[in-house]
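Student: Take this structure, written in structure tokens, and hold onto it; I'll ask about it next.
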Amino acid sequence: MLDVVLPVGISFYTFQTLSYTLDIFRGRGRPWHSFLDYALYVAFFPQLVAGPIVRAFHFLPQCLRERKPTGDEFAWAMSLFSLGLFEKIVLADGLLAPIVETVYDAEGPVDVLSAWCGTLAFSSQIFCDFSGYSLCAVGIAKSLGFSIPDNFHFPYASIGFSDFWRRWHISLSTWFRDYLYIPLGGTRRGPFSNTLNVIFTMLVVGLWHGASWRFVLWGGIHGFLILAERLVKRSIPQWDVWKTGYGKLVLCLITFMFISIVWSFFRAESLDRALLILQNMFGIGVGFSGLRLKNSDMVIAIFLTVSIFLTQWLMRNKTLEWLATCSPWWARSLALAGILIFLVLGAGEDRAFIYFQF
């Protein structure tokens with residue numbers, strides 16, 4: 001019954017309206033003069049259901065003049081929208097979701113390789129699913145003449161867990177930073193207080209995703225990983241090898257593997273299932289017995305995960321706008337044509353965006 005009663009997108013536009021109220025309370029802005037502008041801000045449909053979470057004083061000034069995108073702006077907006085659909089329909093739903101469901105929705109244990117492939121596939125799936133939605137939202141907003149912030153900046157190219165939260169679901173992580181972590185004291189009240197602030201903030205981030213111990217544990221583990229990263233940086237000498245390209249790539253790969261392992265708590269239907277998957281991944285109690293994925297599914301999972309990881313690594317300090325600007329017109333045309341062809345041919349089972357449930 002609650003699934004019917006609860007309004008669509010309540011957690012996202014609640015955060016938006018809270019940011020408006022808190023910014024005014026703190027003197028960072030003044031009450032907006034037009035209620036219609038405010039209503040548009042709250043109910044702006046492209047990102048209403050699952051974000052990005054837009055700050056009022058980023059959006060409302062755009063309402064002061066009529067929005068008329070140019071032809072180039074509209075073309076870029078539709079390109080982003082098409083890329084978002086490609087990530088969602090072709091990659092997340094068509095190729096990755098069946099693999100993840102085979103592993104995580106099975107009743108019994110799975111073998112070691114299948115557990116790893118299913119977990120890596122979910123790492124790729126949740127990125128393509130949520131990044132795809134965010135690109136669609138940004139693209140639709142741009143087609144109407146509005147600018148909303150990017151929600152992802154190649155997060156699997158992160159070097160460290162703090163860096164990950166600066167790149168993953170940026171609008172949510174910055175919201176919790178500005179309206180929870182910093183008001184709690186941030187780093188201003190000493191190491192012990194800062195430790196409590198980090199853990200509490202990440203526990204709340206986990207709880208925001210759902211009233212379940214697995215979400216709380218997922219958030220708490222990320223909090224401990226952030227603190228562990230800080231401790232390691234202070235305790236271990238900053239060797240020059242880690243500043244080289246290869247050293248950074250190794251650190252990035254370690255970060256990605258830890259993040260993928262922790263995703264198990266996010267995807268599993270229960271805490272017991274998550275713990276069983278983790279046991280299977282490390283061969284505890286099962287070894288190479290249990291359910292086994294088809295070889296083709298393993299190849300798809302590994303190939304797409306490696307491709308996404310390397311692509312994000314190469315684009316780590318760049319943007320899609322930079323890539324489009326540097327690419328010749330024929331390369332952009334071929335890429336867009338390929339995306340549209342895959343969208344037409346790759347449409348499969350209908351699956352809602354993962355973040356619709358949050």
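By convention here, the chains of the structure tokens are called A, B, ... in the order presented, each chain's residues are numbered starting at 1, and ligands are numbered starting at 1 in the order presented.
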Using only C-alpha atoms, which residues sit within 12 Å of A:Phe164 once same-chain residues fewer than 2 positions away are excluded, as a list of chain:residue names?

Tutor: A:Phe152, A:His153, A:Phe154, A:Pro155, A:Tyr156, A:Ala157, A:Ser158, A:Ile159, A:Gly160, A:Phe161, A:Ser162, A:Arg166, A:Arg167, A:Trp168, A:His169, A:Ile170, A:Ser173, A:His222, A:Gly223, A:Leu225, A:Ile226, A:Glu229, A:Cys252, A:Thr255, A:Phe256, A:Phe258, A:Ile259, A:Ser260, A:Arg316

Student: Mind pulling up the distance from atom CA of A:Glu269 to atom CA of A:Asn295?

Tutor: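 A separation of 25.0 Å between them.
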
Student: Extract, using only C-alpha atoms, all DNA, RNA and protein residues at most 9 Å from A:Ser114, discarding same-chain residues fewer than 6 positions from it, and format them as a list of chain:residue names.

Tutor: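 After dropping sequence-adjacent residues, the list is A:Val103, A:Asn280, A:Met281, A:Leu291, A:Arg292, A:Leu293, A:Lys294, A:Met298.
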
Student: Using only C-alpha atoms, can you tell me which of A:Leu172, A:Met78, A:Met257, A:Ile277 comes closest to A:Ile53?

Tutor: A:Leu172

Student: List every residue of stretch 166-321 of chain A that DSSP, applied to the backbone of this structure, places in alpha helix (DSSP H), and write the result as an MDAnalysis selection string.

Tutor: chainID A and resid 166:167 170:176 182:184 191:208 213:235 245:267 271:281 295:314 320:321

Student: Expressed in Å to a single decimal, how great is the separation between atom CA of A:Ile261 and atom CA of A:Leu320?

Tutor: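 Separating atom CA of A:Ile261 from atom CA of A:Leu320 is a distance of 28.1 Å.
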
Student: With only C-alpha atoms as the atoms that count, which of A:Pro52, A:Gly186, A:Pro149, A:Pro46 lies nearest to A:Ile199?

Tutor: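 Ranked by minimum distance to A:Ile199, first place goes to A:Gly186.
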
Student: Could you pull the residues within 12 Å of A:Thr17, counting only C-alpha atoms, minus those fewer than 5 positions along the same chain, as a VMD selection string?

Tutor: chain A and resid 10 to 12 22 to 24 38 to 43 48 53 to 57 175

Student: Find the nearest atom pair between each residue of stretch 131-153 of chain A and stretch 120-126 of chain A for residues within 12 Å, count only C-alpha atoms, give distances in Å to one decimal, sort rows by chain and ascending number, and present the table as a tab-separated table.

Tutor:
residue	atom	partner	partner_atom	distance
A:Ser131	CA	A:Ile126	CA	8.0
A:Gly132	CA	A:Ile126	CA	9.4
A:Tyr133	CA	A:Ile126	CA	10.6

Student: Please, could you write that set of residues out with C-alpha atoms as a PDB file, in the first residue's frame?

Tutor:
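Contents of the output file again39.pdb:
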ATOM      1  CA  SER A 131      24.420   7.635 -15.233  1.00  0.00           C
ATOM      2  CA  GLY A 132      22.062   6.919 -18.127  1.00  0.00           C
ATOM      3  CA  TYR A 133      19.135   8.448 -16.254  1.00  0.00           C
TER       4      TYR A 133
END

Student: Can you measure atom CA of A:Ile221 to atom CA of A:Leu314 for me? One decimal in Å is fine.

Tutor: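 Between these atoms lies a distance of 27.9 Å.
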
Student: Can you pull out every residue within 12 Å of A:Ser270, counting only C-alpha atoms, but drop anything in the same chain fewer than 6 positions away, and send it as an MDAnalysis selection string?

Tutor: chainID A and resid 104:105 107 210:215 217 264 276:277

Student: Could you save those same residues with N, CA and C atoms as an mmCIF file, in the first residue's frame?

Tutor:
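The resulting file, again-v2.cif, is shown below:
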data_model
loop_
_atom_site.group_PDB
_atom_site.id
_atom_site.type_symbol
_atom_site.label_atom_id
_atom_site.label_comp_id
_atom_site.auth_asym_id
_atom_site.auth_seq_id
_atom_site.Cartn_x
_atom_site.Cartn_y
_atom_site.Cartn_z
ATOM 1 N N TYR A 104 22.512 -12.944 -8.398
ATOM 2 C CA TYR A 104 22.005 -12.403 -7.135
ATOM 3 C C TYR A 104 20.585 -12.872 -6.800
ATOM 4 N N ASP A 105 19.842 -13.323 -7.783
ATOM 5 C CA ASP A 105 18.483 -13.804 -7.510
ATOM 6 C C ASP A 105 18.406 -15.317 -7.406
ATOM 7 N N GLU A 107 18.762 -18.992 -5.686
ATOM 8 C CA GLU A 107 18.423 -19.406 -4.321
ATOM 9 C C GLU A 107 19.630 -19.953 -3.566
ATOM 10 N N GLY A 210 17.393 3.178 1.804
ATOM 11 C CA GLY A 210 16.388 2.207 2.225
ATOM 12 C C GLY A 210 16.541 1.834 3.682
ATOM 13 N N ALA A 211 15.413 1.566 4.346
ATOM 14 C CA ALA A 211 15.428 1.198 5.766
ATOM 15 C C ALA A 211 15.754 -0.285 5.883
ATOM 16 N N SER A 212 17.006 -0.605 5.597
ATOM 17 C CA SER A 212 17.455 -1.994 5.623
ATOM 18 C C SER A 212 18.882 -2.013 6.140
ATOM 19 N N TRP A 213 19.222 -3.075 6.893
ATOM 20 C CA TRP A 213 20.570 -3.172 7.448
ATOM 21 C C TRP A 213 21.633 -3.242 6.362
ATOM 22 N N ARG A 214 21.293 -3.815 5.208
ATOM 23 C CA ARG A 214 22.316 -3.928 4.165
ATOM 24 C C ARG A 214 22.680 -2.550 3.604
ATOM 25 N N PHE A 215 21.703 -1.631 3.534
ATOM 26 C CA PHE A 215 22.026 -0.275 3.083
ATOM 27 C C PHE A 215 22.823 0.474 4.148
ATOM 28 N N LEU A 217 24.774 -0.898 6.332
ATOM 29 C CA LEU A 217 26.114 -1.498 6.317
ATOM 30 C C LEU A 217 26.906 -0.996 5.121
ATOM 31 N N SER A 264 27.913 -5.427 -3.282
ATOM 32 C CA SER A 264 27.139 -6.648 -3.007
ATOM 33 C C SER A 264 26.031 -6.379 -2.003
ATOM 34 N N LEU A 276 26.417 -14.331 1.654
ATOM 35 C CA LEU A 276 26.670 -15.571 0.922
ATOM 36 C C LEU A 276 27.436 -15.289 -0.367
ATOM 37 N N ILE A 277 27.049 -14.224 -1.083
ATOM 38 C CA ILE A 277 27.755 -13.860 -2.310
ATOM 39 C C ILE A 277 29.216 -13.536 -2.003
#

Student: Which residues come within 8 Å of A:Gly206, counting only C-alpha atoms, excluding same-chain residues fewer than 3 positions away, as a list in words?

Tutor: Met202, Leu203, His209, Gly210, Phe215, Val216, Leu217, Trp218, Gly219 and Gly220 of chain A

Student: Could you name the residues that touch stretch 136-141 of chain A at 8 Å or less, counting only C-alpha atoms, but leaving out those on the same chain fewer than 5 positions away, as a ChimeraX atom specification?

Tutor: /A:46-47,51-52,76-85,146-150

Student: Those selected residues, please, written with C-alpha atoms and delivered as a PDB file, in the first residue's frame.

Tutor:
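again-v7.pdb, written as the output of this step:
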ATOM      1  CA  PRO A  46      13.355  15.883 -16.303  1.00  0.00           C
ATOM      2  CA  GLN A  47      15.012  15.215 -12.941  1.00  0.00           C
ATOM      3  CA  GLY A  51      17.699  13.566  -9.631  1.00  0.00           C
ATOM      4  CA  PRO A  52      20.188  15.104 -10.036  1.00  0.00           C
ATOM      5  CA  TRP A  76      23.989  18.394 -28.019  1.00  0.00           C
ATOM      6  CA  ALA A  77      21.029  17.894 -25.684  1.00  0.00           C
ATOM      7  CA  MET A  78      19.612  15.143 -27.886  1.00  0.00           C
ATOM      8  CA  SER A  79      23.052  13.544 -28.129  1.00  0.00           C
ATOM      9  CA  LEU A  80      23.261  13.362 -24.331  1.00  0.00           C
ATOM     10  CA  PHE A  81      19.729  11.987 -24.182  1.00  0.00           C
ATOM     11  CA  SER A  82      20.566   9.297 -26.750  1.00  0.00           C
ATOM     12  CA  LEU A  83      23.762   8.341 -24.924  1.00  0.00           C
ATOM     13  CA  GLY A  84      21.816   8.065 -21.672  1.00  0.00           C
ATOM     14  CA  LEU A  85      19.258   5.784 -23.294  1.00  0.00           C
ATOM     15  CA  PHE A 146      17.860  24.910 -18.726  1.00  0.00           C
ATOM     16  CA  SER A 147      21.164  23.816 -17.216  1.00  0.00           C
ATOM     17  CA  ILE A 148      21.263  21.265 -14.411  1.00  0.00           C
ATOM     18  CA  PRO A 149      24.503  19.899 -12.929  1.00  0.00           C
ATOM     19  CA  ASP A 150      26.194  16.696 -14.038  1.00  0.00           C
TER      20      ASP A 150
END
